[in-house]
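Trainee: I am attaching a structure below and will ask some questions about it afterwards.
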Amino acid sequence: MAEEHLDVLTKSGHKTGISKPRGDVHRDGDYHRAVHMWIFAENTQQLLLQRRADCKDSWPGLWDISSAGHISAGDSSLVTARRELQEELGIVLPKDAFEMIFIFLQECVINDGKYINNEFNDVYLVTTLDPIPLEAFTLQESEVSAVKYISYEEYRSLLAKEDPDYVPYDVNGQYGRLFDIIEQRYKENTDARSLALQKQLHRYASVTLNAELTGVTDADREALVLLVKAATIMDEIFNLQVWYSNPVLRDWLKEHADASELDKLKWMYYVINKSPWSCLDEDEAFLTTADSAIKLLPEATQQVTGWKGLEYRAAFPMLKPPGANFYPPDMDKREFELWKDSLTKDKQDATGFFNVIKRHSEFGLESFLSNDTADVTNRFVDSTHDLCIVPFSQEYNPFLKKAAELLCKAGDLTSSSSLKRLLHSKANAFLSNDYYDSEIAWMELDSKLDVTIGPYETYEDALFGYKILEQNLPMDSMYKSEDVIAAPIRVIQLLYNAGDVKGPQTVAFNLPNDERIVNDRGTSMVILKNVSEAKFKHILQPISDVCITKEQQELVDFESFFTHTICHECCHGIGPHTITLPNGQKSTVRLELQELHSALEEAKADIVGLWALRFLICQDLLSKSLLKSMYISFLAGCFRSVRFGLQEAHGKGQALQFNWLYDKGAFILHPDETFSVDFSRVEGAVESLSREILTIQAKGDKEAANLLLQKYGKMTQPLKIALQKLEKIQVPVDIAPIFPIANKILE
C-alpha cells in the first residue's frame with residue numbers, strides 16, 4: 001500500500017503546493033495539518049481517551065486524544081475528522097456533531113531527533129450526553145489498544161504533572177483552551193447569564209409596525225395571505241444558510257422556551273438574531289453547543305444491549321463562520337481561489353449569488369461511512385479539486401418548490417398585472433435558478449402590494465437627476481460612467497419581513513445585486529418609511545438629546561434623516577460598478593475588493609449621499625432648509641450605526657466616515673462630551689472622503705481599501721465616549737418589529 005502523502009505548509013499554515021510522503025514530512029520537519037477529535041460526556045464531565053497502539057512511531061502505548069489523524073494531501077479537515085473517528089473507534093457521526101474549537105500548533109522533536117512534528121491541528125469537540133459504553137467501540141488495532149473515560153479536571157491535572165503515561169500537552173499554553181472552554185460552559189452562573197441576556201435584549205425597542213391596507217383590492221388581500229406564508233419559507237432557508245445545525249437549534253430553543261426564565265431569554269434573543277451569534281456584539285456567540293439540540297443516533301456504534309444509542313448535541317462554532325453555510329466550513333480562501341481559477345465555463349457561477357459551494361468528498365464520505373462501496377475513498381482524494389457548485393434550486397429544492405406553489409397561486413389571485421407577472425416569474429426562477437426575468441419584473445412592479453422575495457443580500461426618479469450626479473461626482477472624469485440608468489424609488493410601509501433580516505433592521509434596500517441586471521437596467525430602491533419613522537423616534541432623537549450640543553440639537557429632524565436615507569440608496573446606483581483594471585481587463589468593484597466591498601460600498605453610499613444632498617440643494621432641487629440639518633442628523637446617525645458593531649458593514653463604514661470627518665475637524669468633541677458640526681470644514685471633509693472612496697473603487701484597489709479601513713474603520717476614543725453615554729442611559733440600539741397584520745394571517 002502506497003504511503004500517505006501530506007500537504008506541506010508554510011510556518012504560517014498556508015499550503016505551499018507541495019506534497020510529500022508522511023515519513024519524509026516528519027523526517028524533514030515540514031509543517032503539515034492534522035485533526036484532533038475530543039469526545040466529551042456532558043453528564044459526567046468526562047473526556048474519552050485512547051491508548052495508542054504499541055506499534056505507533058510516535059508516543060507508543062501512551063494515553064492520548066479520543067481520536068486523531070493526519071489530513072492527507074488534497075483532503076479536507078472535517079471529512080478527515082469524521083473518517084478518522086469511524087476508522088479508529090467505529091463511531092459514525094454526522095457533520096453537525098463536530099464543533100471546531102481552535103487550531104493548535106504542535107512543534108516537538110522525539111525519537112532521538114528522528115521524528116520532527118510541526119503540526120497544525122484542527123481541534124474538534126464532540127459533546128455527548130452520557131459516556132459511550134466501552135463495548136460499543138470497534139477499535140482499529142493498528143492505531144488504538146484501549147479506550148477509557150476520565151474527568152476533564154483529573155486529566156488536566158495529570159498533564160500539568162507531566163504524567164509519563166500520557167502524551168504531553170502544555171495545559172498552560174494553547175491546549176489549555178480545551179479545558180477552559182469546557183469549564184466556562186458548565187460552571188457559568190445562571191443568574192449572571194440571565195442578566196447578560198436581559199441587557200442584550202434591552203438594546204432593542206419593541207415597535208409595532210402597522211400598514212394601511214386602504215386601496216388594496218379583495219383579490220390582492222387574498223394573495224397577501226399566500227405571500228406571507230411564502231415569506232415564512234424564506235426564514236426556513238435562511239436558517240439553514242446561516243449554519244447547517246441552525247434549524248435544529250431554533251426548533252430546540254422554541255420547544256424549551258418555557259422550561260425556565262433563562263431558556264425564555266435564550267429564545268427571545270435568538271429570535272432577534274436568527275442564530276447563536278449576536279449581531280450587535282460583533283457576532284460574539286451568546287449560546288454554546290451546551291445550549292443546543294440533543295439528537296439520538298441508535299446506530300452510530302455497535303449495538304449494546306439495553307443502550308438506546310448515542311445522544312449528542314448538535315454543534316456550532318463559537319466564532320461565526322465567515323462563509324456561513326454557503327461554503328464548506330473548512331475551506332480557506334486560497335483553496336477557493338485555486339479552484340475558481342481552474343474553472344472554465346463555470347467560473348462566474350463560483351462567485352454568483354444563486355449557488356452554494358460544496359465538497360465532492362463530503363458526498364463520497366457519506367457513502368464510505370455507510371459502506372455503500374469498498375473503495376469510495378479514491379473517488380474524492382484523487383481529484384485535483386474537491387469543491388463543486390450546487391445551485392440554490394437544487395440545494396433548497398423542497399423549500400423553493402413549496403414557495404413557488406404559493407407564489408403561483410398568489411399570482412393567479414392578484415388583480416395587478418405587474419404583480420401577477422412578478423409572482424409567476426419568481427416562481428419559475430425558484431425552480432430554474434435563472435432570476436433575470438423575475439428581477440426585471442420586480443423593477444417594473446407597479447402595485448399596491450410591493451413584494452421582494454428571493455436570494456437577495458438585503459442591504460419614478462422624481463427627486464434626483466442621476467446623470468447630473470454621476471458627471472459631478474468628486475473623482476477624476478476618466479472614472480465616470482457615461483451610461484447611468486435612473487433607478488425607480490418606491491416608498492412603502494413595511495407589512496412583514498422574513499429571511500435575512502436579523503438583528504438591526506434595514507430602513508431601505510437597493511436591488512438587484514446581479515451585475516448583469518445592474519449593467520442592463522440599473523437598480524430599484526425600496527424605502528421603508530414606517531421603519532425609518534420608528535428608528536428616528538426611538539433611537540436617533542434620544543441619541544441627539546445626549547450626544548449633540550444643545551445649540552445644534554434642534555437641527556436634528558426626520559426630514560433630513562429620511563431624505564439622506566433616500567439619497568444613500570440612490571448613491572448605490574452611481575459611481576464605479578463595472579471597472580477596467582490597469583491591465584485592460586474588465587471586472588467589477590465587488591470582485592476586486594472581495595470581503596472589503598460591503599463596508600466600503602456602505603461608506604460610499606453614505607458619504608456620497610451627503611455630498612449629493614448639498615449638490616442638489618445648490619442646484620435648487622432640494623430645500624435650503626436641509627443644508628445644516630442634514631449634517632447634524634448625519635452626525636447623530638453615525639453613533640446610531642456604529643452601535644451595530646464594526647463587524648457589520650454599515651457599522652464599519654460609519655466608523656470610517658466619523659473618524660475621517662473628526663480627523664479633518666468637521667466634527668468637534670466638546671469638554672462636556674457632546675459633539676457638534678463645524679460648518680466651515682464639513683463640506684471639504686465630505687468631498688475629500690467621497691473622492692478617496694470613489695477612486696479606490698474605480699481602480700479596484702483592494703490594498704488601498706484595506707489601508708483606509710484599518711486606519712479609520714475602528715473604535716476610537718471619541719466614538720467610545722459617545723457610546724458609553726448612550727449605554728449609561730440605555731438608548732435602544734435598534735428596533736424589534738412586531739407585524740400585527742402578518743401575525744393575524746399566520747395564526
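In the C-alpha cells, chains take the letters A, B, ... in the order shown, each chain's residues start at 1, and ligands count up from 1 in the order shown.
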Fewer than 5 positions away in the same chain doesn't count, so skip those; otherwise give me all residues within 10 Å of Ala231 of chain A, counting only C-alpha atoms, as a count of residues only.
Mentor: 13
Trainee: Name the closest residue to Leu310 of chain A among the candidates A:Tyr166, A:Phe137, A:Tyr149, A:Phe739; distances are taken between atoms, counting only C-alpha atoms.
Mentor: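 Closest residue, counting only C-alpha atoms: A:Phe137.
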Trainee: When you look at Ile132 of chain A with a cut-off of 9 Å (counting only C-alpha atoms), what residues show up, excluding the ones that are within fewer than 4 positions of it in the same chain? I need them as a PDB file with C-alpha atoms, in the first residue's frame.
Mentor:
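Final output, saved to result.pdb:
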```pdb
ATOM      1  CA  ALA A  41     -19.645  13.317  28.076  1.00  0.00           C
ATOM      2  CA  LEU A  48     -12.695   9.910  26.242  1.00  0.00           C
ATOM      3  CA  THR A 128     -22.435  13.530  24.022  1.00  0.00           C
ATOM      4  CA  ALA A 136     -19.828  -0.078  21.753  1.00  0.00           C
ATOM      5  CA  PHE A 137     -16.426   0.868  20.311  1.00  0.00           C
ATOM      6  CA  THR A 301     -21.744   2.483  17.024  1.00  0.00           C
ATOM      7  CA  GLY A 309     -27.800   4.683  21.340  1.00  0.00           C
ATOM      8  CA  LEU A 310     -25.571   7.750  21.191  1.00  0.00           C
TER       9      LEU A 310
END
```
Trainee: When you look at Val677 of chain A with a cut-off of 7 Å (counting only C-alpha atoms), what residues show up, excluding the ones that are within fewer than 5 positions of it in the same chain? I need them as a list of chain:residue names.
Mentor: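 Skipping anything fewer than 5 positions along the chain leaves A:Ile632, A:Ala666, A:Phe667, A:Ile668.
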Trainee: Deliver the residues from the most recent selection as a file, using N, CA and C atoms, as a PDB file, in the first residue's frame.
Mentor:
```pdb
ATOM      1  N   ILE A 632     -26.024  67.670  10.843  1.00  0.00           N
ATOM      2  CA  ILE A 632     -26.225  67.344  12.265  1.00  0.00           C
ATOM      3  C   ILE A 632     -26.911  65.984  12.398  1.00  0.00           C
ATOM      4  N   ALA A 666     -14.145  68.435  11.029  1.00  0.00           N
ATOM      5  CA  ALA A 666     -15.548  68.705  10.675  1.00  0.00           C
ATOM      6  C   ALA A 666     -16.481  68.381  11.834  1.00  0.00           C
ATOM      7  N   PHE A 667     -16.124  67.393  12.644  1.00  0.00           N
ATOM      8  CA  PHE A 667     -16.863  67.053  13.862  1.00  0.00           C
ATOM      9  C   PHE A 667     -16.014  67.458  15.063  1.00  0.00           C
ATOM     10  N   ILE A 668     -16.643  68.051  16.058  1.00  0.00           N
ATOM     11  CA  ILE A 668     -15.911  68.574  17.223  1.00  0.00           C
ATOM     12  C   ILE A 668     -16.447  67.917  18.497  1.00  0.00           C
TER      13      ILE A 668
END
```
Trainee: I'd like the neighbourhood of Ile18 of chain A as a PyMOL selection string, where a residue qualifies if any of its atoms comes within 12 Å (using only C-alpha atoms), though same-chain residues fewer than 6 positions away should be ignored.
Mentor: chain A and resi 5-10+25+30-32+73-74
Trainee: Taking all heavy atoms for each residue, export the selection above as an mmCIF file, in the first residue's frame.
Mentor:
```
data_model
loop_
_atom_site.group_PDB
_atom_site.id
_atom_site.type_symbol
_atom_site.label_atom_id
_atom_site.label_comp_id
_atom_site.auth_asym_id
_atom_site.auth_seq_id
_atom_site.Cartn_x
_atom_site.Cartn_y
_atom_site.Cartn_z
ATOM 1 N N HIS A 5 0.427 10.627 1.574
ATOM 2 C CA HIS A 5 1.073 11.905 1.280
ATOM 3 C C HIS A 5 0.371 13.023 2.049
ATOM 4 O O HIS A 5 -0.857 13.001 2.219
ATOM 5 C CB HIS A 5 1.028 12.206 -0.223
ATOM 6 C CG HIS A 5 2.135 11.560 -0.999
ATOM 7 N ND1 HIS A 5 2.310 10.187 -1.051
ATOM 8 C CD2 HIS A 5 3.146 12.105 -1.754
ATOM 9 C CE1 HIS A 5 3.358 9.901 -1.803
ATOM 10 N NE2 HIS A 5 3.882 11.045 -2.234
ATOM 11 N N LEU A 6 1.172 14.000 2.496
ATOM 12 C CA LEU A 6 0.639 15.153 3.223
ATOM 13 C C LEU A 6 0.988 16.438 2.488
ATOM 14 O O LEU A 6 2.054 16.537 1.864
ATOM 15 C CB LEU A 6 1.214 15.214 4.644
ATOM 16 C CG LEU A 6 1.108 13.958 5.510
ATOM 17 C CD1 LEU A 6 1.747 14.213 6.874
ATOM 18 C CD2 LEU A 6 -0.339 13.519 5.678
ATOM 19 N N ASP A 7 0.090 17.420 2.577
ATOM 20 C CA ASP A 7 0.394 18.747 2.028
ATOM 21 C C ASP A 7 1.413 19.432 2.922
ATOM 22 O O ASP A 7 1.260 19.472 4.147
ATOM 23 C CB ASP A 7 -0.873 19.610 1.967
ATOM 24 C CG ASP A 7 -1.800 19.202 0.841
ATOM 25 O OD1 ASP A 7 -1.298 18.937 -0.259
ATOM 26 O OD2 ASP A 7 -3.025 19.139 1.068
ATOM 27 N N VAL A 8 2.458 19.992 2.321
ATOM 28 C CA VAL A 8 3.480 20.738 3.064
ATOM 29 C C VAL A 8 3.022 22.191 3.177
ATOM 30 O O VAL A 8 2.610 22.810 2.194
ATOM 31 C CB VAL A 8 4.846 20.658 2.363
ATOM 32 C CG1 VAL A 8 5.873 21.532 3.082
ATOM 33 C CG2 VAL A 8 5.317 19.211 2.300
ATOM 34 N N LEU A 9 3.073 22.725 4.409
ATOM 35 C CA LEU A 9 2.622 24.090 4.678
ATOM 36 C C LEU A 9 3.794 25.010 4.981
ATOM 37 O O LEU A 9 4.894 24.561 5.303
ATOM 38 C CB LEU A 9 1.660 24.103 5.875
ATOM 39 C CG LEU A 9 0.488 23.119 5.881
ATOM 40 C CD1 LEU A 9 -0.326 23.302 7.152
ATOM 41 C CD2 LEU A 9 -0.382 23.289 4.660
ATOM 42 N N THR A 10 3.530 26.313 4.914
ATOM 43 C CA THR A 10 4.497 27.297 5.389
ATOM 44 C C THR A 10 4.400 27.366 6.913
ATOM 45 O O THR A 10 3.481 26.790 7.524
ATOM 46 C CB THR A 10 4.192 28.687 4.814
ATOM 47 O OG1 THR A 10 2.918 29.122 5.325
ATOM 48 C CG2 THR A 10 4.139 28.655 3.288
ATOM 49 N N VAL A 25 7.901 13.871 5.621
ATOM 50 C CA VAL A 25 7.438 15.107 6.280
ATOM 51 C C VAL A 25 7.957 15.164 7.715
ATOM 52 O O VAL A 25 8.475 16.196 8.174
ATOM 53 C CB VAL A 25 5.889 15.189 6.247
ATOM 54 C CG1 VAL A 25 5.378 16.234 7.236
ATOM 55 C CG2 VAL A 25 5.404 15.515 4.846
ATOM 56 N N ASP A 30 8.698 19.149 8.164
ATOM 57 C CA ASP A 30 7.802 20.014 7.389
ATOM 58 C C ASP A 30 6.517 20.301 8.175
ATOM 59 O O ASP A 30 5.992 19.430 8.872
ATOM 60 C CB ASP A 30 7.421 19.339 6.063
ATOM 61 C CG ASP A 30 8.613 19.172 5.132
ATOM 62 O OD1 ASP A 30 9.367 20.147 4.976
ATOM 63 O OD2 ASP A 30 8.778 18.068 4.570
ATOM 64 N N TYR A 31 6.016 21.499 8.006
ATOM 65 C CA TYR A 31 4.731 21.852 8.619
ATOM 66 C C TYR A 31 3.607 21.201 7.816
ATOM 67 O O TYR A 31 3.648 21.163 6.582
ATOM 68 C CB TYR A 31 4.556 23.373 8.673
ATOM 69 C CG TYR A 31 5.413 24.012 9.741
ATOM 70 C CD1 TYR A 31 6.766 24.300 9.494
ATOM 71 C CD2 TYR A 31 4.900 24.310 10.998
ATOM 72 C CE1 TYR A 31 7.564 24.863 10.470
ATOM 73 C CE2 TYR A 31 5.697 24.877 11.986
ATOM 74 C CZ TYR A 31 7.029 25.147 11.717
ATOM 75 O OH TYR A 31 7.827 25.695 12.688
ATOM 76 N N HIS A 32 2.605 20.672 8.524
ATOM 77 C CA HIS A 32 1.514 19.952 7.881
ATOM 78 C C HIS A 32 0.268 20.049 8.765
ATOM 79 O O HIS A 32 0.315 20.663 9.832
ATOM 80 C CB HIS A 32 1.899 18.478 7.644
ATOM 81 C CG HIS A 32 2.260 17.761 8.909
ATOM 82 N ND1 HIS A 32 3.477 17.928 9.540
ATOM 83 C CD2 HIS A 32 1.549 16.895 9.695
ATOM 84 C CE1 HIS A 32 3.512 17.189 10.646
ATOM 85 N NE2 HIS A 32 2.352 16.562 10.762
ATOM 86 N N ALA A 73 -2.993 14.745 1.669
ATOM 87 C CA ALA A 73 -2.883 15.742 0.601
ATOM 88 C C ALA A 73 -4.185 15.813 -0.185
ATOM 89 O O ALA A 73 -4.723 14.795 -0.598
ATOM 90 C CB ALA A 73 -1.722 15.380 -0.313
ATOM 91 N N GLY A 74 -4.691 17.032 -0.354
ATOM 92 C CA GLY A 74 -5.920 17.230 -1.112
ATOM 93 C C GLY A 74 -7.182 16.984 -0.326
ATOM 94 O O GLY A 74 -8.286 17.236 -0.819
#
```
Trainee: Which residue, A:Lys448, A:His256, A:Lys358, A:Arg22, has the smallest gap to Thr217 of chain A when you use only C-alpha atoms?
Mentor: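 For Thr217 of chain A, the nearest of the given residues is A:Lys448.
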